[in-house]
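The next block holds one structure in the form of structure tokens; read it before the comments.
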Amino acid sequence: MTMNPDNQIYLASRSPRRRELLRQIGVKFNLLLMRETLGRPVDIDEQPLDGEAPADYVYRIVQFKAQEGWKRLSQRRFSVLPILVADTIVTLDGSILGKPRDLAHAESMLSALSGRSHEVLTAIGVGVRDRVQVRLSRSTVRFREISPHEIHKYLAAQNILDKAGGYAIQGMAAIFITEINGSYSGIMGLPLYETAQLLEESGIVLFP
């Protein structure tokens, strides 16, 4: 383990939920927003490869995000600190449900999830120079039957276009959930157990 004298990291994510969760465990972080650092979009294709398993997909995306983060650090000559990245997907019957393209797509996703169990996978990675370590959190969520009227009202009231599967567990969708098996924070987008493991291995002291 390499000690980090600043006890800080970079968080390469726009998610306010991930920021909230890091603050919950007392982690100091600086935001590394990749599109802003170079003034152009990051060339990342988040489409699954043909036949790619959901777990392989999130591993690949997290590895790529961490590698891109290090490129940004070297180009901008920022301080060298660990970079934390994450990616969350919902899977149903082996198919990946990412972020909805629009409200109609979100409605289709929620209709498919209604009355069924699905899996939420969140991969997190911590990059230190050319070394990236990844952990995977798997959780199962079961929805009760959701009526078309409820789906319509939910989508009208909640901003879900940036949410995998078209819902957020910490929002109104909580009333649809009958059972959870796994990590609540992982379903939110940052599994704190696995995150703490990786950060400590990267020299972050959570209980200084």
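All residue names refer to the structure tokens as shown: chains lettered A, B, ... in order, residues numbered from 1 in each chain, ligands numbered from 1 in order.
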
**OP:** For Arg14 in chain A, list every protein, DNA or RNA residue within 9 Å, evaluated using only C-alpha atoms, and leave out those in the same chain fewer than 3 positions away; present the list as a ChimeraX atom specification.
**Re:** /A:11,17-19,31-33

Got time to write the residues from that selection, N, CA and C atoms, as a short mmCIF file (atom, residue, chain, number, x, y, z; two decimals), in the first residue's frame?
```
data_model
loop_
_atom_site.label_atom_id
_atom_site.label_comp_id
_atom_site.auth_asym_id
_atom_site.auth_seq_id
_atom_site.Cartn_x
_atom_site.Cartn_y
_atom_site.Cartn_z
N LEU A 11 -12.55 12.28 -7.76
CA LEU A 11 -13.78 11.56 -8.10
C LEU A 11 -14.14 11.93 -9.53
N ARG A 17 -25.08 11.74 -6.07
CA ARG A 17 -25.26 10.64 -5.12
C ARG A 17 -23.91 10.08 -4.69
N ARG A 18 -22.99 9.94 -5.63
CA ARG A 18 -21.66 9.42 -5.29
C ARG A 18 -20.90 10.41 -4.41
N ARG A 19 -21.07 11.68 -4.67
CA ARG A 19 -20.44 12.68 -3.81
C ARG A 19 -20.98 12.57 -2.38
N LEU A 31 -13.23 16.98 -7.66
CA LEU A 31 -13.94 16.50 -8.84
C LEU A 31 -13.02 16.56 -10.05
N LEU A 32 -13.04 15.48 -10.82
CA LEU A 32 -12.31 15.42 -12.08
C LEU A 32 -13.35 15.18 -13.17
N LEU A 33 -13.88 16.26 -13.72
CA LEU A 33 -14.92 16.16 -14.73
C LEU A 33 -14.25 16.15 -16.09
#
```

**OP:** Identify all residues of range 79-150 of chain A in alpha helix (DSSP H) (DSSP on the backbone) and supply them as an MDAnalysis selection string.
**Re:** chainID A and resid 103:113 148:150

Original post:
Hey, which of A:Val80, A:Leu103, A:Leu22, A:Val134 ends up closest to Phe64 in chain A? Count only C-alpha atoms.
Top reply: A:Val134

Per-residue nearest contacts range 79-123 of chain A to range 178-184 of chain A, cut-off 12 Å, using only C-alpha atoms, as JSON lines:
```
{"residue": "A:Ser114", "atom": "CA", "partner": "A:Thr178", "partner_atom": "CA", "distance": 11.1}
{"residue": "A:Gly115", "atom": "CA", "partner": "A:Thr178", "partner_atom": "CA", "distance": 9.4}
{"residue": "A:Arg116", "atom": "CA", "partner": "A:Thr178", "partner_atom": "CA", "distance": 9.9}
{"residue": "A:Ser117", "atom": "CA", "partner": "A:Glu179", "partner_atom": "CA", "distance": 8.6}
{"residue": "A:His118", "atom": "CA", "partner": "A:Ile180", "partner_atom": "CA", "distance": 9.9}
{"residue": "A:Glu119", "atom": "CA", "partner": "A:Asn181", "partner_atom": "CA", "distance": 9.4}
{"residue": "A:Val120", "atom": "CA", "partner": "A:Gly182", "partner_atom": "CA", "distance": 9.2}
{"residue": "A:Leu121", "atom": "CA", "partner": "A:Ser183", "partner_atom": "CA", "distance": 10.0}
{"residue": "A:Thr122", "atom": "CA", "partner": "A:Ser183", "partner_atom": "CA", "distance": 9.8}
```

**OP:** Using only C-alpha atoms, pick whichever of A:Leu155, A:Met172, A:Leu198, A:Val126 has the shortest atom-to-atom distance to Asp102 in chain A.
**Re:** A:Leu155

Which residues are near range 189-196 of chain A? Cut-off 12 Å, only C-alpha atoms, ignore same chain within fewer than 3 positions. Put them as a compact mmCIF listing (two decimals) with C-alpha atoms, in the first residue's frame.
```
# COMPACT_ATOMS: atom_id res chain seq x y z
CA LEU A 11 -13.78 11.56 -8.10
CA SER A 13 -18.18 11.35 -11.72
CA ARG A 14 -20.93 13.90 -12.14
CA SER A 15 -23.25 11.98 -9.81
CA PRO A 16 -24.35 13.97 -6.74
CA ARG A 17 -25.26 10.64 -5.12
CA ARG A 18 -21.66 9.42 -5.29
CA ARG A 19 -20.44 12.68 -3.81
CA GLU A 20 -22.95 12.32 -0.98
CA LEU A 21 -21.84 8.76 -0.27
CA LEU A 22 -18.15 9.67 -0.20
CA ARG A 23 -18.89 12.47 2.24
CA GLN A 24 -20.83 9.96 4.34
CA ILE A 25 -17.61 8.02 5.01
CA GLY A 26 -15.46 11.12 5.37
CA VAL A 27 -13.47 10.87 2.13
CA ILE A 83 -8.85 8.44 -9.12
CA LEU A 84 -12.17 6.85 -8.19
CA VAL A 85 -14.55 5.89 -11.01
CA ALA A 86 -17.78 3.92 -11.05
CA ASP A 87 -20.46 2.61 -13.37
CA THR A 88 -23.91 1.22 -12.54
CA ILE A 89 -26.23 -0.87 -14.68
CA VAL A 90 -29.50 -2.70 -14.20
CA VAL A 120 -28.05 -3.99 -10.09
CA LEU A 121 -24.32 -4.13 -10.83
CA THR A 122 -21.99 -1.35 -9.77
CA ALA A 123 -18.31 -1.62 -10.61
CA ILE A 124 -15.89 0.75 -8.94
CA GLY A 125 -12.28 1.31 -9.85
CA VAL A 126 -9.40 3.15 -8.23
CA GLN A 133 -8.08 -2.07 -9.25
CA VAL A 134 -11.75 -2.92 -9.70
CA ARG A 135 -14.42 -4.33 -7.42
CA LEU A 136 -17.96 -5.38 -8.34
CA SER A 137 -21.09 -5.09 -6.23
CA ARG A 138 -24.11 -7.22 -7.10
CA SER A 139 -27.54 -6.57 -5.60
CA ASP A 162 -29.43 9.85 -15.80
CA LYS A 163 -30.50 6.79 -13.79
CA ALA A 164 -29.75 3.22 -14.85
CA TYR A 167 -35.29 4.80 -11.43
CA ALA A 168 -33.46 5.90 -8.29
CA ILE A 169 -33.78 3.81 -5.13
CA GLN A 170 -33.47 6.89 -2.92
CA GLY A 182 -27.28 -6.75 -1.38
CA SER A 183 -25.84 -3.25 -0.98
CA TYR A 184 -28.16 -0.27 -0.70
CA SER A 185 -25.27 2.11 -1.41
CA GLY A 186 -24.28 -0.08 -4.35
CA LEU A 199 -9.33 3.32 -1.04
CA GLU A 200 -7.50 1.80 1.90
CA GLU A 201 -5.43 -0.33 -0.50
CA SER A 202 -4.58 2.90 -2.34
CA GLY A 203 -3.28 4.62 0.80
CA ILE A 204 -6.39 6.48 1.94
CA VAL A 205 -6.80 6.37 5.73
CA LEU A 206 -10.52 6.30 6.57
CA PHE A 207 -9.94 6.44 10.34
```
